[in-house]
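Down below is the structure, laid out as structure tokens.
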2 protein chains.
Amino acid sequence: MRVVVPFEATHPKTRLSPPLEADERRPFAEAMLEDVLEAIRGAGGDPTVLSTVPIEVDAPVEVDTRRLTPAVNAALEATDEPVAIVMADLALTTPRTLERLFGATGDVVVAPGRGGGTNALVVRHPDFRVDYHGASYLDHLRIAREVGASVRELDSHRLSTDIDEPSDLAELLILSDGAARDWLVDAGFALDIDEGRVGVRRTVE
Amino acid sequence: MRVVVPFEATHPKTRLSPPLEADERRPFAEAMLEDVLEAIRGAGGDPTVLSTVPIEVDAPVEVDTRRLTPAVNAALEATDEPVAIVMADLALTTPRTLERLFGATGDVVVAPGRGGGTNALVVRHPDFRVDYHGASYLDHLRIAREVGASVRELDSHRLSTDIDEPSDLAELLILSDGAARDWLVDAGFALDIDEGRVGVRRTVE
């Protein structure tokens, strides 16, 4: 399956500051992208990175300077084939998870993100368009209804967890063994397990 | 499958105060329990509530005043049959999600919670015991290894989301149509969709 991976390369992961410095967020975001691309290939997908600026990465890159919604809709309009949209910060994802996503039936398959976002999609209906603004999961259900597309929810913790905020780093340390996890460990991050709460601490600056 | 549903009935959901008042948290917790029991039955499970005090609920209740870990381990020791442990605050769960849980192969099936917890388990190995303290997901992987039990991760957003903190209420309004969602709506809660962020607001006190 063709898989589009939107990547915000200009100011990536601003909500991870702190704990990450400005010059750390880009390499960390690229390590997450690397993990996502590897999982896509492991699931038999054919990834293209949709980046806001040219980047060096082991996959075809299309540059589109527009915002997320028009850039993804242009990619949907460019083909009649099924297309998956998988966000570049889903660093917990695995080939197994993406096999579930790609294999799920439905004109539109939606993996909700925490907080009502849409972290991954499969689109098999010619008239479906995205709208990533606000609670996009609910909007995507509505848009699918409006164009007469059947919808399937893909229930996955790994796809619901975009690595956006400091607390998400703990998920990465617990559930991943990929490049982004290695990057965090090399940067001095470790799990900080208190009474019933799990966070991260940084021991090397 | 036999399913044990631990329910903390003495001081339920203290981290939901605010926005919930003390006299609201118990009925809200019971509405979530009701949703969980209905999903278990819908998936063909046979639930027993393991409560800290006697409660009125539409299922058999066993009272155990001990903490979660010894109470659940006593339930595991009491039988040689497979047992599932499903937390009472997994109000997003559905029959479909639990069918995946009950049907997954492995001596131990673990559904990780956000933050490294363990929200749902299936135990088919006689020597496996729980330890819910701290990052219990990692502890349960270790305990399974130590007793020679095979482990399968169950990747589910609905099972990873225990309704614990105010931000979790938005998940319930977005993804559920059960009794706990109805309770929230009746209590005046609604989604509050700002630029890219989704929360809840309360319009009726």
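Ligands are numbered from 1 in the order shown, residues from 1 within each chain, and chains are lettered A, B, ... in the order they appear in the structure tokens.
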
Exercise. Any chance you could list, as a ChimeraX atom specification, the residues in range 75-200 of chain A that come up strand (DSSP E or B) when DSSP is run on the backbone?
Key: /A:83-86,108-112,118-123,151-153,189-193,198-200

How close does each residue of range 72-169 of chain A get to range 104-111 of chain B, giving the shortest atom pair and distance in Å to one decimal for every residue with an atom at most 12 Å away, counting only C-alpha atoms, sorted by chain and residue number, as CSV?
```
residue,atom,partner,partner_atom,distance
A:Ser156,CA,B:Ala111,CA,10.5
A:His157,CA,B:Ala111,CA,9.1
A:Arg158,CA,B:Ala111,CA,11.3
```

Mind dumping a table of every chain B residue within 7 Å of chain A, with the nearest atom pair and its distance in Å to one decimal, using only C-alpha atoms, sorted by chain and rising number, as CSV?
```
residue,atom,partner,partner_atom,distance
B:Gly115,CA,A:Val198,CA,5.7
B:Gly116,CA,A:Ile174,CA,6.6
B:His133,CA,A:Gly196,CA,6.0
B:Gly134,CA,A:Gly196,CA,4.3
B:Ala135,CA,A:Val198,CA,6.3
B:Asp155,CA,A:Ser156,CA,5.2
B:Ser156,CA,A:Ser156,CA,4.1
B:His157,CA,A:His157,CA,3.9
B:Arg158,CA,A:Asp155,CA,6.6
B:Ser160,CA,A:His157,CA,6.2
B:Ala170,CA,A:Gly115,CA,6.7
B:Glu171,CA,A:Gly115,CA,6.2
B:Ile174,CA,A:Gly116,CA,6.6
B:Ile193,CA,A:Gly134,CA,6.2
B:Asp194,CA,A:Gly134,CA,6.6
B:Glu195,CA,A:Gly134,CA,5.9
B:Gly196,CA,A:Gly134,CA,4.3
B:Arg197,CA,A:Gly134,CA,6.3
B:Val198,CA,A:Gly115,CA,5.7
```

Grab the residues selected above and save them as a short mmCIF file (atom, residue, chain, number, x, y, z; two decimals), in the first residue's frame with N, CA and C atoms.
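This went into again_32.cif:
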```
data_model
loop_
_atom_site.label_atom_id
_atom_site.label_comp_id
_atom_site.auth_asym_id
_atom_site.auth_seq_id
_atom_site.Cartn_x
_atom_site.Cartn_y
_atom_site.Cartn_z
N GLY B 115 1.41 5.23 30.47
CA GLY B 115 2.24 5.43 31.64
C GLY B 115 2.79 4.15 32.23
N GLY B 116 2.71 3.06 31.49
CA GLY B 116 3.38 1.84 31.94
C GLY B 116 2.57 0.96 32.86
N HIS B 133 2.30 -2.47 41.37
CA HIS B 133 3.04 -1.31 41.86
C HIS B 133 3.92 -0.74 40.74
N GLY B 134 3.96 0.59 40.60
CA GLY B 134 4.90 1.23 39.66
C GLY B 134 4.60 0.92 38.21
N ALA B 135 5.67 0.73 37.41
CA ALA B 135 5.50 0.47 35.97
C ALA B 135 5.18 -1.00 35.79
N ASP B 155 -2.50 -4.57 21.88
CA ASP B 155 -2.32 -3.16 21.54
C ASP B 155 -3.68 -2.52 21.31
N SER B 156 -4.18 -1.80 22.31
CA SER B 156 -5.52 -1.22 22.22
C SER B 156 -5.55 0.15 22.90
N HIS B 157 -5.98 1.16 22.15
CA HIS B 157 -6.17 2.48 22.76
C HIS B 157 -7.28 2.42 23.81
N ARG B 158 -8.33 1.69 23.51
CA ARG B 158 -9.46 1.63 24.44
C ARG B 158 -9.09 0.96 25.76
N SER B 160 -5.87 0.92 26.83
CA SER B 160 -4.76 1.67 27.43
C SER B 160 -5.24 2.89 28.19
N ALA B 170 -12.34 13.68 28.12
CA ALA B 170 -12.56 14.00 26.70
C ALA B 170 -12.59 12.70 25.87
N GLU B 171 -11.71 11.75 26.21
CA GLU B 171 -11.72 10.47 25.48
C GLU B 171 -13.08 9.80 25.57
N ILE B 174 -15.57 11.46 23.37
CA ILE B 174 -15.29 11.24 21.94
C ILE B 174 -15.59 9.81 21.52
N ILE B 193 -13.49 22.29 22.24
CA ILE B 193 -12.53 22.17 21.14
C ILE B 193 -11.95 23.52 20.82
N ASP B 194 -10.67 23.67 21.16
CA ASP B 194 -9.94 24.91 20.91
C ASP B 194 -9.03 24.66 19.72
N GLU B 195 -8.16 25.58 19.41
CA GLU B 195 -7.24 25.41 18.29
C GLU B 195 -6.35 24.18 18.52
N GLY B 196 -6.73 23.06 17.96
CA GLY B 196 -5.86 21.89 18.02
C GLY B 196 -5.86 21.15 19.33
N ARG B 197 -6.50 21.70 20.36
CA ARG B 197 -6.53 21.02 21.65
C ARG B 197 -7.96 20.68 21.98
N VAL B 198 -8.17 19.51 22.55
CA VAL B 198 -9.52 19.09 22.91
C VAL B 198 -9.57 18.81 24.40
#
```

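Take the candidates A:Asp89, A:Ser51, A:Ala75, A:Asp80 and check each one against Ala180 in chain A using only C-alpha atoms; the shortest distance goes to A:Asp89.
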
Practice problem: Could you give me, as a ChimeraX atom specification, the residues within 9 Å of Thr94 in chain A, counting only C-alpha atoms and dropping anything in the same chain fewer than 6 positions from it? | Solution: /A:35-36,38-40,42-43,158,176

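Restricting the calculation to only C-alpha atoms, the smallest distance between Leu121 in chain B and any of B:Ala59, B:Arg26, B:Leu184, B:His140 is found for B:His140.
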
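Taking CA of Asp177 in chain A and CA of Met32 in chain A as the two end points, the separation is 11.3 Å.
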
Exercise. Run DSSP on the backbone of this structure and report the residues of chain B it assigns to alpha helix (DSSP H), as number ranges by chain.
Key: B: 22-42, 68-77, 95-103, 136-146, 157-160, 168-175, 179-186

Practice problem: Using only C-alpha atoms, determine which residues lie at most 12 Å from Thr79 in chain B, disregarding the query and same-chain residues fewer than 6 positions distant; provide the list as a list in words. | Solution: Arg2, Val3, Val4, Val72, Asn73, Val123, Arg124, His125, Pro126 and Asp127 of chain B

Only C-alpha atoms, please: the residues just picked out, written as a short mmCIF file (atom, residue, chain, number, x, y, z; two decimals), in the first residue's frame.
```cif
data_model
loop_
_atom_site.label_atom_id
_atom_site.label_comp_id
_atom_site.auth_asym_id
_atom_site.auth_seq_id
_atom_site.Cartn_x
_atom_site.Cartn_y
_atom_site.Cartn_z
CA ARG B 2 -13.89 -15.88 33.78
CA VAL B 3 -13.19 -12.16 34.21
CA VAL B 4 -12.27 -10.47 37.48
CA VAL B 72 -5.98 -10.23 42.46
CA ASN B 73 -3.33 -12.82 43.29
CA VAL B 123 -3.57 -15.33 32.66
CA ARG B 124 -3.32 -18.94 31.49
CA HIS B 125 -0.17 -19.94 33.40
CA PRO B 126 -0.50 -21.38 36.94
CA ASP B 127 2.58 -19.62 38.34
#
```

Practice problem: Would you work out the distance separating CA of Thr14 in chain B from CA of Val86 in chain B, expressed in Å to one decimal? | Solution: 19.7 Å
